[in-house]
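start.cif (mmCIF, C-alpha atoms)
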data_model
loop_
_atom_site.label_atom_id
_atom_site.label_comp_id
_atom_site.auth_asym_id
_atom_site.auth_seq_id
_atom_site.Cartn_x
_atom_site.Cartn_y
_atom_site.Cartn_z
CA MET A 1 347.44 171.32 -66.46
CA LYS A 2 344.06 172.79 -65.67
CA LYS A 3 341.54 172.02 -68.43
CA VAL A 4 339.86 175.38 -69.02
CA TYR A 5 337.86 176.05 -72.17
CA THR A 6 335.69 178.83 -73.58
CA GLY A 7 332.68 177.99 -75.75
CA ILE A 8 330.48 180.16 -77.96
CA ASP A 9 326.94 179.33 -79.07
CA ILE A 10 325.92 181.56 -81.98
CA GLY A 11 322.13 181.67 -81.94
CA SER A 12 319.55 183.66 -83.87
CA ASP A 13 318.37 185.42 -80.73
CA SER A 14 321.44 185.51 -78.51
CA ILE A 15 325.13 184.73 -78.23
CA LYS A 16 325.90 182.52 -75.24
CA MET A 17 329.46 182.21 -73.93
CA ILE A 18 330.92 180.14 -71.10
CA THR A 19 334.40 179.69 -69.70
CA ALA A 20 334.54 176.50 -67.66
CA GLU A 21 337.07 174.21 -66.02
CA ILE A 22 336.62 170.47 -66.47
CA PHE A 23 337.61 168.54 -63.37
CA ASP A 24 336.74 164.91 -62.67
CA GLN A 25 334.49 164.91 -65.78
CA LYS A 26 332.39 167.75 -64.37
CA ALA A 27 332.21 171.35 -65.56
CA ARG A 28 332.82 174.20 -63.16
CA VAL A 29 331.62 177.42 -64.78
CA LEU A 30 334.02 180.30 -64.16
CA ALA A 31 332.09 182.92 -66.15
CA SER A 32 329.08 183.10 -68.44
CA SER A 33 327.46 185.69 -70.66
CA SER A 34 324.41 186.01 -72.86
CA VAL A 35 323.94 188.97 -75.23
CA ARG A 36 321.45 189.66 -77.99
CA SER A 37 322.68 188.59 -81.42
CA VAL A 38 322.17 190.42 -84.69
CA GLY A 39 322.98 189.03 -88.12
CA VAL A 40 321.81 185.41 -87.64
CA LYS A 41 318.65 183.95 -89.12
CA LYS A 42 317.49 180.37 -88.57
CA GLY A 43 320.97 179.48 -87.39
CA VAL A 44 322.61 180.84 -90.54
CA ILE A 45 324.98 183.82 -90.36
CA THR A 46 323.68 186.58 -92.63
CA ASP A 47 325.88 189.48 -91.47
CA PRO A 48 329.30 188.37 -90.15
CA LYS A 49 330.29 191.86 -88.96
CA MET A 50 327.19 192.29 -86.81
CA VAL A 51 327.59 188.80 -85.33
CA ALA A 52 331.24 189.58 -84.54
CA ASP A 53 330.15 192.78 -82.77
CA SER A 54 327.79 190.73 -80.57
CA ILE A 55 330.53 188.23 -79.78
CA ARG A 56 332.90 191.03 -78.77
CA LEU A 57 330.31 192.27 -76.27
CA ALA A 58 330.04 188.79 -74.75
CA VAL A 59 333.83 188.44 -74.69
CA LYS A 60 334.15 191.76 -72.90
CA GLU A 61 331.74 190.58 -70.19
CA LEU A 62 333.62 187.31 -69.70
CA GLU A 63 337.01 189.01 -69.60
CA SER A 64 335.81 191.43 -66.94
CA MET A 65 334.70 188.48 -64.80
CA LEU A 66 337.82 186.40 -65.38
CA GLY A 67 340.45 189.12 -65.34
CA LEU A 68 342.00 187.40 -68.36
CA LYS A 69 342.09 187.95 -72.09
CA ILE A 70 340.11 185.42 -74.16
CA GLU A 71 341.85 184.54 -77.41
CA GLU A 72 340.47 181.11 -78.33
CA ALA A 73 337.12 179.39 -78.21
CA LEU A 74 335.03 176.45 -79.33
CA VAL A 75 332.13 177.51 -81.53
CA ASN A 76 329.04 175.91 -83.03
CA VAL A 77 328.43 175.61 -86.76
CA SER A 78 325.07 175.38 -88.53
CA SER A 79 323.90 171.83 -89.24
CA ASN A 80 322.00 173.00 -92.34
CA GLY A 81 322.87 170.60 -95.14
CA MET A 82 324.53 168.12 -92.78
CA ASP A 83 325.44 164.75 -94.25
CA VAL A 84 326.52 161.68 -92.27
CA SER A 85 328.24 158.52 -93.46
CA ILE A 86 329.91 155.50 -91.90
CA VAL A 87 333.66 155.25 -92.50
CA THR A 88 336.46 152.93 -91.41
CA GLY A 89 340.16 153.47 -90.84
CA GLU A 90 343.25 151.67 -89.57
CA SER A 91 346.49 152.50 -87.83
CA SER A 92 349.53 150.36 -87.06
CA VAL A 93 350.58 149.96 -83.40
CA GLU A 94 354.18 149.45 -82.29
CA ASP A 95 353.48 148.20 -78.77
CA GLU A 96 350.46 149.55 -76.94
CA VAL A 97 347.77 151.89 -78.24
CA THR A 98 348.28 155.57 -77.48
CA GLY A 99 346.23 158.62 -78.33
CA GLU A 100 348.37 159.05 -81.43
CA GLU A 101 347.29 155.70 -82.87
CA VAL A 102 343.63 156.52 -82.11
CA THR A 103 344.03 159.86 -83.88
CA ASN A 104 345.73 158.25 -86.87
CA ALA A 105 342.97 155.66 -87.25
CA LEU A 106 340.31 158.39 -87.21
CA LYS A 107 342.36 160.50 -89.60
CA ASN A 108 342.69 157.60 -92.05
CA ALA A 109 338.96 156.93 -91.80
CA VAL A 110 338.11 160.33 -93.30
CA LEU A 111 341.13 160.79 -95.56
CA GLY A 112 339.95 161.27 -99.13
CA ARG A 113 336.28 160.84 -98.19
CA VAL A 114 335.30 164.50 -97.75
CA GLU A 115 333.92 166.02 -100.94
CA GLU A 116 335.54 169.21 -102.24
CA ASP A 117 332.50 171.39 -101.57
CA ARG A 118 332.11 170.16 -97.98
CA GLU A 119 333.95 170.37 -94.67
CA LEU A 120 334.37 167.76 -91.96
CA ILE A 121 332.84 168.73 -88.61
CA THR A 122 332.80 165.56 -86.52
CA ILE A 123 334.20 162.05 -86.71
CA GLN A 124 332.60 160.04 -83.90
CA PRO A 125 333.90 156.51 -83.30
CA ILE A 126 331.32 153.76 -83.07
CA VAL A 127 333.69 150.99 -82.11
CA PHE A 128 337.38 150.09 -82.22
CA ALA A 129 339.07 146.75 -82.85
CA LEU A 130 342.62 145.78 -81.94
CA ASP A 131 343.81 142.73 -83.89
CA ASP A 132 341.18 140.08 -82.99
CA GLU A 133 339.78 141.94 -80.01
CA MET A 134 336.51 143.55 -81.07
CA ASN A 135 333.94 146.03 -79.70
CA LEU A 136 336.36 148.30 -77.87
CA GLN A 137 335.23 151.77 -76.83
CA ASP A 138 338.63 153.08 -75.72
CA PRO A 139 341.59 150.96 -76.86
CA LYS A 140 344.32 153.09 -75.29
CA HIS A 141 346.98 151.20 -73.27
CA LEU A 142 346.02 147.86 -74.82
CA LYS A 143 348.76 145.94 -76.65
CA GLY A 144 348.46 144.88 -80.27
CA GLN A 145 349.61 145.50 -83.83
CA GLU A 146 346.67 146.77 -85.87
CA LEU A 147 344.03 149.24 -84.65
CA SER A 148 340.88 149.77 -86.68
CA VAL A 149 337.87 152.01 -86.15
CA LYS A 150 334.33 152.24 -87.44
CA ALA A 151 333.02 155.78 -87.16
CA VAL A 152 330.33 158.23 -88.24
CA MET A 153 331.59 161.19 -90.26
CA SER A 154 329.53 164.40 -90.38
CA THR A 155 330.09 167.07 -93.02
CA VAL A 156 328.42 170.36 -93.95
CA PRO A 157 328.68 172.71 -96.95
CA LYS A 158 331.91 174.74 -96.92
CA GLN A 159 329.96 177.99 -96.61
CA ASN A 160 328.72 176.99 -93.12
CA VAL A 161 332.30 176.78 -91.89
CA LYS A 162 333.53 179.79 -93.84
CA ASP A 163 330.87 182.01 -92.24
CA VAL A 164 331.81 180.94 -88.70
CA LEU A 165 335.56 181.32 -89.25
CA THR A 166 334.98 184.77 -90.78
CA VAL A 167 332.99 185.84 -87.72
CA MET A 168 335.62 184.53 -85.32
CA LYS A 169 338.39 186.34 -87.18
CA LEU A 170 336.42 189.61 -87.13
CA ALA A 171 335.86 189.13 -83.40
CA GLY A 172 339.60 188.67 -82.85
CA LEU A 173 339.27 185.04 -81.73
CA LYS A 174 340.75 181.75 -82.86
CA ALA A 175 338.32 178.90 -83.45
CA VAL A 176 339.94 175.88 -81.81
CA ASP A 177 337.13 173.47 -82.67
CA LEU A 178 333.79 173.46 -84.46
CA THR A 179 330.83 171.28 -83.59
CA PHE A 180 327.04 171.17 -83.78
CA GLY A 181 325.05 172.81 -81.02
CA ILE A 182 322.73 169.80 -80.80
CA CYS A 183 325.74 167.61 -79.94
CA GLY A 184 326.31 169.98 -77.03
CA ASP A 185 322.69 169.59 -75.96
CA TYR A 186 323.15 165.82 -75.84
CA ALA A 187 326.39 166.13 -73.85
CA SER A 188 324.60 168.35 -71.32
CA ALA A 189 321.86 165.75 -70.87
CA MET A 190 323.92 162.55 -71.21
CA THR A 191 323.66 159.81 -68.62
CA ASP A 192 325.46 156.45 -68.54
CA GLU A 193 322.21 154.77 -69.57
CA MET A 194 321.81 157.00 -72.63
CA LYS A 195 325.25 155.98 -73.93
CA SER A 196 323.87 152.60 -75.00
CA GLN A 197 320.46 153.76 -76.23
CA ALA A 198 318.85 155.38 -79.25
CA GLY A 199 317.01 158.62 -78.61
CA ALA A 200 316.18 162.11 -79.79
CA VAL A 201 317.13 165.63 -78.80
CA ILE A 202 314.88 168.60 -79.58
CA ASN A 203 316.16 172.16 -79.27
CA ILE A 204 313.44 174.80 -79.61
CA GLY A 205 315.32 177.90 -80.69
CA HIS A 206 314.24 181.42 -81.53
CA ASP A 207 313.25 180.93 -85.16
CA LYS A 208 313.90 177.23 -85.69
CA THR A 209 313.55 173.92 -83.93
CA GLU A 210 316.23 171.27 -84.44
CA VAL A 211 315.42 167.60 -84.11
CA ALA A 212 318.27 165.08 -83.95
CA ILE A 213 318.36 161.29 -83.68
CA LEU A 214 321.27 159.83 -81.75
CA ASN A 215 322.34 156.22 -81.41
CA LYS A 216 324.77 155.44 -78.60
CA GLY A 217 325.57 159.13 -78.33
CA ILE A 218 326.29 159.60 -82.05
CA MET A 219 324.09 161.91 -84.13
CA ILE A 220 322.95 159.97 -87.16
CA LYS A 221 320.14 162.14 -88.52
CA ASN A 222 318.73 165.62 -88.02
CA GLU A 223 316.10 167.96 -89.36
CA ILE A 224 315.47 171.68 -88.91
CA LEU A 225 311.90 172.93 -88.54
CA THR A 226 311.23 176.56 -89.43
CA VAL A 227 309.25 177.35 -86.31
CA GLY A 228 310.45 178.46 -82.90
CA SER A 229 309.80 180.57 -79.84
CA LYS A 230 309.53 183.80 -81.87
CA HIS A 231 306.26 182.44 -83.28
CA VAL A 232 304.87 182.45 -79.74
CA ASP A 233 305.77 186.16 -79.61
CA SER A 234 304.02 186.69 -82.97
CA ASP A 235 300.84 185.05 -81.68
CA ILE A 236 300.80 187.34 -78.63
CA CYS A 237 301.44 190.37 -80.85
CA TYR A 238 298.52 189.45 -83.10
CA ILE A 239 295.99 188.68 -80.36
CA TYR A 240 296.73 191.62 -78.08
CA LYS A 241 297.93 194.15 -80.68
CA VAL A 242 301.20 194.81 -78.85
CA ASP A 243 304.71 195.24 -80.22
CA ARG A 244 307.21 192.36 -80.26
CA THR A 245 309.22 193.63 -77.32
CA ARG A 246 306.13 193.73 -75.11
CA ALA A 247 304.99 190.33 -76.38
CA ARG A 248 308.32 188.78 -75.48
CA GLN A 249 308.19 190.35 -72.03
CA LEU A 250 304.72 188.96 -71.42
CA LYS A 251 305.83 185.50 -72.56
CA GLU A 252 308.90 185.43 -70.33
CA THR A 253 307.54 187.09 -67.19
CA PHE A 254 303.80 186.45 -67.09
CA ALA A 255 302.60 183.56 -69.27
CA VAL A 256 303.11 179.87 -68.47
CA ALA A 257 303.42 176.97 -70.92
CA SER A 258 300.22 175.20 -69.92
CA LYS A 259 296.86 176.72 -69.13
CA ARG A 260 296.54 174.13 -66.37
CA TYR A 261 299.28 175.95 -64.42
CA ALA A 262 297.82 179.42 -64.96
CA ASP A 263 295.89 181.51 -62.45
CA TYR A 264 292.68 182.90 -63.94
CA ASN A 265 292.60 185.62 -61.28
CA ASP A 266 296.12 186.81 -62.11
CA VAL A 267 296.01 189.77 -64.50
CA VAL A 268 298.37 192.44 -65.76
CA GLU A 269 297.51 195.82 -67.22
CA ILE A 270 299.55 197.17 -70.14
CA GLU A 271 299.29 199.82 -72.81
CA GLY A 272 298.65 198.65 -76.38
CA LYS A 273 300.08 200.08 -79.60
CA ASP A 274 297.28 202.63 -79.89
CA GLY A 275 297.61 203.75 -76.27
CA GLU A 276 294.58 201.77 -75.15
CA LYS A 277 294.77 200.15 -71.72
CA LEU A 278 294.71 196.35 -71.91
CA THR A 279 293.98 193.88 -69.13
CA ILE A 280 295.57 190.51 -69.84
CA ASN A 281 294.54 187.40 -67.97
CA GLN A 282 297.25 184.81 -67.28
CA SER A 283 294.99 181.90 -68.16
CA GLU A 284 294.04 183.39 -71.53
CA ILE A 285 297.58 184.32 -72.62
CA SER A 286 298.84 180.91 -71.48
CA GLU A 287 296.25 179.25 -73.71
CA ILE A 288 297.80 181.10 -76.67
CA VAL A 289 301.31 180.03 -75.67
CA GLU A 290 300.19 176.44 -75.09
CA ALA A 291 298.62 176.14 -78.53
CA ARG A 292 301.81 177.18 -80.31
CA LEU A 293 304.06 175.02 -78.15
CA LYS A 294 301.84 172.00 -78.76
CA GLN A 295 302.16 172.63 -82.49
CA ILE A 296 305.97 172.74 -82.26
CA LEU A 297 306.13 169.56 -80.16
CA ASN A 298 303.74 167.73 -82.50
CA LEU A 299 305.83 168.73 -85.51
CA ALA A 300 308.95 167.49 -83.73
CA LYS A 301 307.20 164.21 -82.86
CA LYS A 302 306.23 163.73 -86.50
CA GLN A 303 309.79 164.43 -87.57
CA ILE A 304 311.21 161.86 -85.15
CA ASN A 305 308.92 159.24 -86.69
CA LEU A 306 310.08 160.24 -90.18
CA LEU A 307 313.76 160.22 -89.27
CA THR A 308 313.93 156.80 -87.64
CA LYS A 309 312.09 153.53 -87.14
CA ARG A 310 314.32 152.65 -84.18
CA GLU A 311 312.85 152.24 -80.74
CA ILE A 312 313.35 155.57 -78.99
CA SER A 313 314.41 155.23 -75.36
CA TYR A 314 314.57 158.92 -74.52
CA ILE A 315 313.58 162.32 -75.87
CA ILE A 316 315.27 165.40 -74.40
CA ILE A 317 313.82 168.87 -75.02
CA THR A 318 315.79 172.04 -74.43
CA GLY A 319 315.95 175.67 -75.50
CA GLY A 320 315.19 178.83 -73.56
CA ILE A 321 311.42 178.53 -73.86
CA SER A 322 311.52 175.13 -72.15
CA GLU A 323 312.08 177.05 -68.89
CA LEU A 324 308.42 178.19 -68.85
CA ALA A 325 306.39 176.83 -65.96
CA GLY A 326 304.27 173.85 -66.98
CA PHE A 327 306.40 172.99 -70.00
CA GLN A 328 307.08 169.43 -68.80
CA TYR A 329 303.33 168.79 -68.63
CA LEU A 330 303.01 169.63 -72.34
CA VAL A 331 306.02 167.47 -73.16
CA GLU A 332 304.48 164.41 -71.50
CA GLU A 333 301.07 165.10 -73.04
CA VAL A 334 302.43 165.32 -76.61
CA LEU A 335 305.52 163.08 -76.55
CA GLY A 336 304.79 160.64 -73.74
CA ARG A 337 306.59 159.57 -70.59
CA THR A 338 309.87 158.81 -72.38
CA ALA A 339 310.27 162.55 -73.02
CA SER A 340 311.61 165.04 -70.52
CA THR A 341 312.72 168.64 -70.33
CA LEU A 342 316.42 169.17 -69.73
CA ASN A 343 317.23 170.47 -66.27
CA LEU A 344 320.64 172.13 -66.11
CA THR A 345 321.97 172.09 -62.56
CA THR A 346 325.48 173.44 -63.18
CA MET A 347 326.02 176.49 -61.01
CA GLY A 348 326.30 179.67 -63.07
CA VAL A 349 324.28 178.39 -66.06
CA ARG A 350 321.07 177.03 -64.56
CA HIS A 351 319.04 177.87 -67.64
CA ASN A 352 318.41 175.71 -70.69
CA LYS A 353 319.54 178.43 -73.07
CA TYR A 354 323.09 177.44 -72.07
CA SER A 355 322.67 173.72 -72.81
CA SER A 356 324.40 173.82 -76.21
CA VAL A 357 327.48 175.79 -75.17
CA LEU A 358 327.97 173.96 -71.86
CA GLY A 359 327.70 170.62 -73.62
CA MET A 360 330.08 171.71 -76.37
CA ILE A 361 332.77 172.18 -73.73
CA LYS A 362 332.10 168.73 -72.24
CA TYR A 363 332.04 167.18 -75.71
CA PHE A 364 335.37 168.78 -76.64
CA ASP A 365 336.99 167.49 -73.46
CA GLN A 366 335.72 163.97 -74.15
CA LYS A 367 337.26 164.06 -77.63
CA LEU A 368 340.61 165.13 -76.23
CA GLU A 369 340.48 162.36 -73.61
CA LEU A 370 339.94 159.69 -76.28
CA ARG A 371 342.86 161.05 -78.29
CA GLY A 372 345.08 161.21 -75.23
CA LYS A 373 345.61 164.96 -75.54
CA LYS A 374 345.94 167.55 -72.80
CA TYR A 375 345.06 171.11 -73.64
CA SER A 376 343.88 174.31 -71.99
CA MET A 377 342.90 177.63 -73.53
CA PHE A 378 344.60 179.32 -70.59
CA GLN A 379 348.11 178.41 -69.54
CA ASP A 380 348.56 177.54 -65.84
CA ARG A 381 350.51 180.76 -65.36
CA LYS A 382 347.50 182.73 -66.55
CA MET A 383 345.18 180.77 -64.28
CA GLU A 384 347.33 181.66 -61.28
CA GLU A 385 347.10 185.31 -62.28
CA MET A 386 343.32 185.03 -62.43
CA LYS A 387 343.32 184.00 -58.78
CA THR A 388 345.36 186.99 -57.67
CA THR A 389 344.05 189.86 -59.79
CA LYS A 390 340.80 191.11 -61.22
CA LYS A 391 342.52 193.37 -63.70
CA LYS A 392 342.23 192.53 -67.38
CA SER A 393 345.30 190.81 -68.73
CA ASN A 394 346.93 191.73 -72.05
CA LEU A 395 349.03 188.58 -72.21
CA SER A 396 349.41 187.26 -75.73
CA SER A 397 348.58 183.65 -76.52
CA ASP A 398 351.45 181.19 -76.68
CA THR A 399 349.29 178.18 -77.49
CA VAL A 400 350.60 175.47 -79.78
CA ILE A 401 347.19 174.02 -80.51
CA SER A 402 347.58 174.50 -84.26
CA LYS A 403 350.62 172.23 -84.12
CA VAL A 404 349.04 169.40 -82.17
CA PHE A 405 345.33 169.55 -82.94
CA GLY A 406 344.30 170.04 -86.58
CA HIS A 407 340.55 170.54 -86.54
CA PHE A 408 339.75 169.14 -89.94
CA PHE A 409 341.34 165.77 -89.22
CA GLU A 410 341.24 165.30 -85.48
CA ASN A 411 337.71 166.41 -84.64
#

Let's see the structure in the file written out as structure tokens.
Amino acid sequence: MKKVYTGIDIGSDSIKMITAEIFDQKARVLASSSVRSVGVKKGVITDPKMVADSIRLAVKELESMLGLKIEEALVNVSSNGMDVSIVTGESSVEDEVTGEEVTNALKNAVLGRVEEDRELITIQPIVFALDDEMNLQDPKHLKGQELSVKAVMSTVPKQNVKDVLTVMKLAGLKAVDLTFGICGDYASAMTDEMKSQAGAVINIGHDKTEVAILNKGIMIKNEILTVGSKHVDSDICYIYKVDRTRARQLKETFAVASKRYADYNDVVEIEGKDGEKLTINQSEISEIVEARLKQILNLAKKQINLLTKREISYIIITGGISELAGFQYLVEEVLGRTASTLNLTTMGVRHNKYSSVLGMIKYFDQKLELRGKKYSMFQDRKMEEMKTTKKKSNLSSDTVISKVFGHFFEN
């Protein structure tokens, strides 16, 4: 079975979608799309119908590239109000541990521990034990009688989940799994070394910046700052008296993140709101951008220090604005040499705005592997059709995922 998944990242500025095949633990992007989103503010869905309309546009783009109908997807959920707690669970083993026993242990760990006004989003195992054998990361195929797990359970208010499921239903899609976008960012950046370390991930979004602390790949704390890349646009609007569309264009196509990387002799002429001709110098506009980015990075640094007293081995920064030239220089200046800007190298999504959705797909596949499950959002028959035709397929879904993978227990 080919492992092919579609992921959706619902952001305040854009909807990012990817369909990718996981092979040999690597993602091969088959199609990607990014469309402007409407109806999301600071990561919270404010108008489900408008968000669904944006998703349908992205789906249409992907379907035209794939020649297949998309019916299911992974999707991110807002981490606003997230709560984490350590839980334990057990499962009996008849002979050797299978994915079913792993799933049962995780299920028992959360059973009865989710409050009525909250929904479970992730249950991430810290360590397994099989009888007297301790500190196991993957106990499958080992022989024993009693499997136990210590895990971190993450929950959010029910409304966070209700909003996402409403949007997916309006868009005509089935939500196979929900997760946090920041978990996807980590999965996109993860190295073998990071798996045993404590660190931080910072995602600078459109109107918010999320800061998360992870220990051995498990998110244990997070905070959302109400400042993002749109505030850079606002600064440019204010200084040069231009509209937001023009300010964004200047930020993305002319300015750089650090004045050090700017060319003082490079100028652009534009027309202001009142029709007056403006000459903008790259060095001067970059100084404006740099000041705001330094503020965001300093706020994130302060938040990391408030969230944890652990020794931080790495800090990863992502988000679309991190693609600006000179951004890494600012990162090192404010956060030090342990910090680095994410560099996505996966063909088809070589831009940090895709880090959450690409990582969500990798993260989902890793969860299935631990639980010993095999699953694809496209049946092999459909994948063969994709190779032989570019026409859009109207095949209906015959997935049995709802029978074998219950999100609210096996995530």

_Answer key for the PyMOL selection byres ((chain A and resi 239) around 12), residues as a ChimeraX atom specification_ = /A:232-238,240-244,247,272,278,280,284-285,287-289

Hits of the PyMOL selection byres ((chain A and resi 299-313) around 6) in this structure, as a PDB file with C-alpha atoms, in the coordinates of the input:
ATOM      1  CA  ALA A 198     318.850 155.380 -79.250  1.00  0.00           C
ATOM      2  CA  GLY A 199     317.010 158.620 -78.610  1.00  0.00           C
ATOM      3  CA  ILE A 296     305.970 172.740 -82.260  1.00  0.00           C
ATOM      4  CA  LEU A 297     306.130 169.560 -80.160  1.00  0.00           C
ATOM      5  CA  ASN A 298     303.740 167.730 -82.500  1.00  0.00           C
ATOM      6  CA  TYR A 314     314.570 158.920 -74.520  1.00  0.00           C
TER       7      TYR A 314
END

Cut-off 9 Å: closest segment 146-236 of chain A/segment 86-103 of chain A atom pairs per residue, using all atoms listed in the file, as a tab-separated table:
residue	atom	partner	partner_atom	distance
A:Glu146	CA	A:Ser92	CA	4.7
A:Leu147	CA	A:Ser91	CA	5.2
A:Ser148	CA	A:Glu90	CA	4.2
A:Val149	CA	A:Gly89	CA	5.4
A:Lys150	CA	A:Thr88	CA	4.6
A:Ala151	CA	A:Val87	CA	5.4
A:Val152	CA	A:Ile86	CA	4.6
A:Met153	CA	A:Ile86	CA	6.2

_Output check: residues returned by the PyMOL selection byres ((chain A and resi 178) around 12), as a VMD selection string_ = chain A and resid 7 to 10 72 to 79 119 to 123 154 to 156 160 to 165 168 174 to 177 179 to 181 183 to 184 357 360 to 361 363 to 364 406 to 411

*asked:* Can you pull out the residues contacting segment 203-217 of chain A? Cut-off 7 Å, using all atoms listed in the file, and skip same-chain residues under 6 positions away; I want them as a PyMOL selection string.
replied: chain A and resi 12-13+42+194-197+223-230+300+317-319
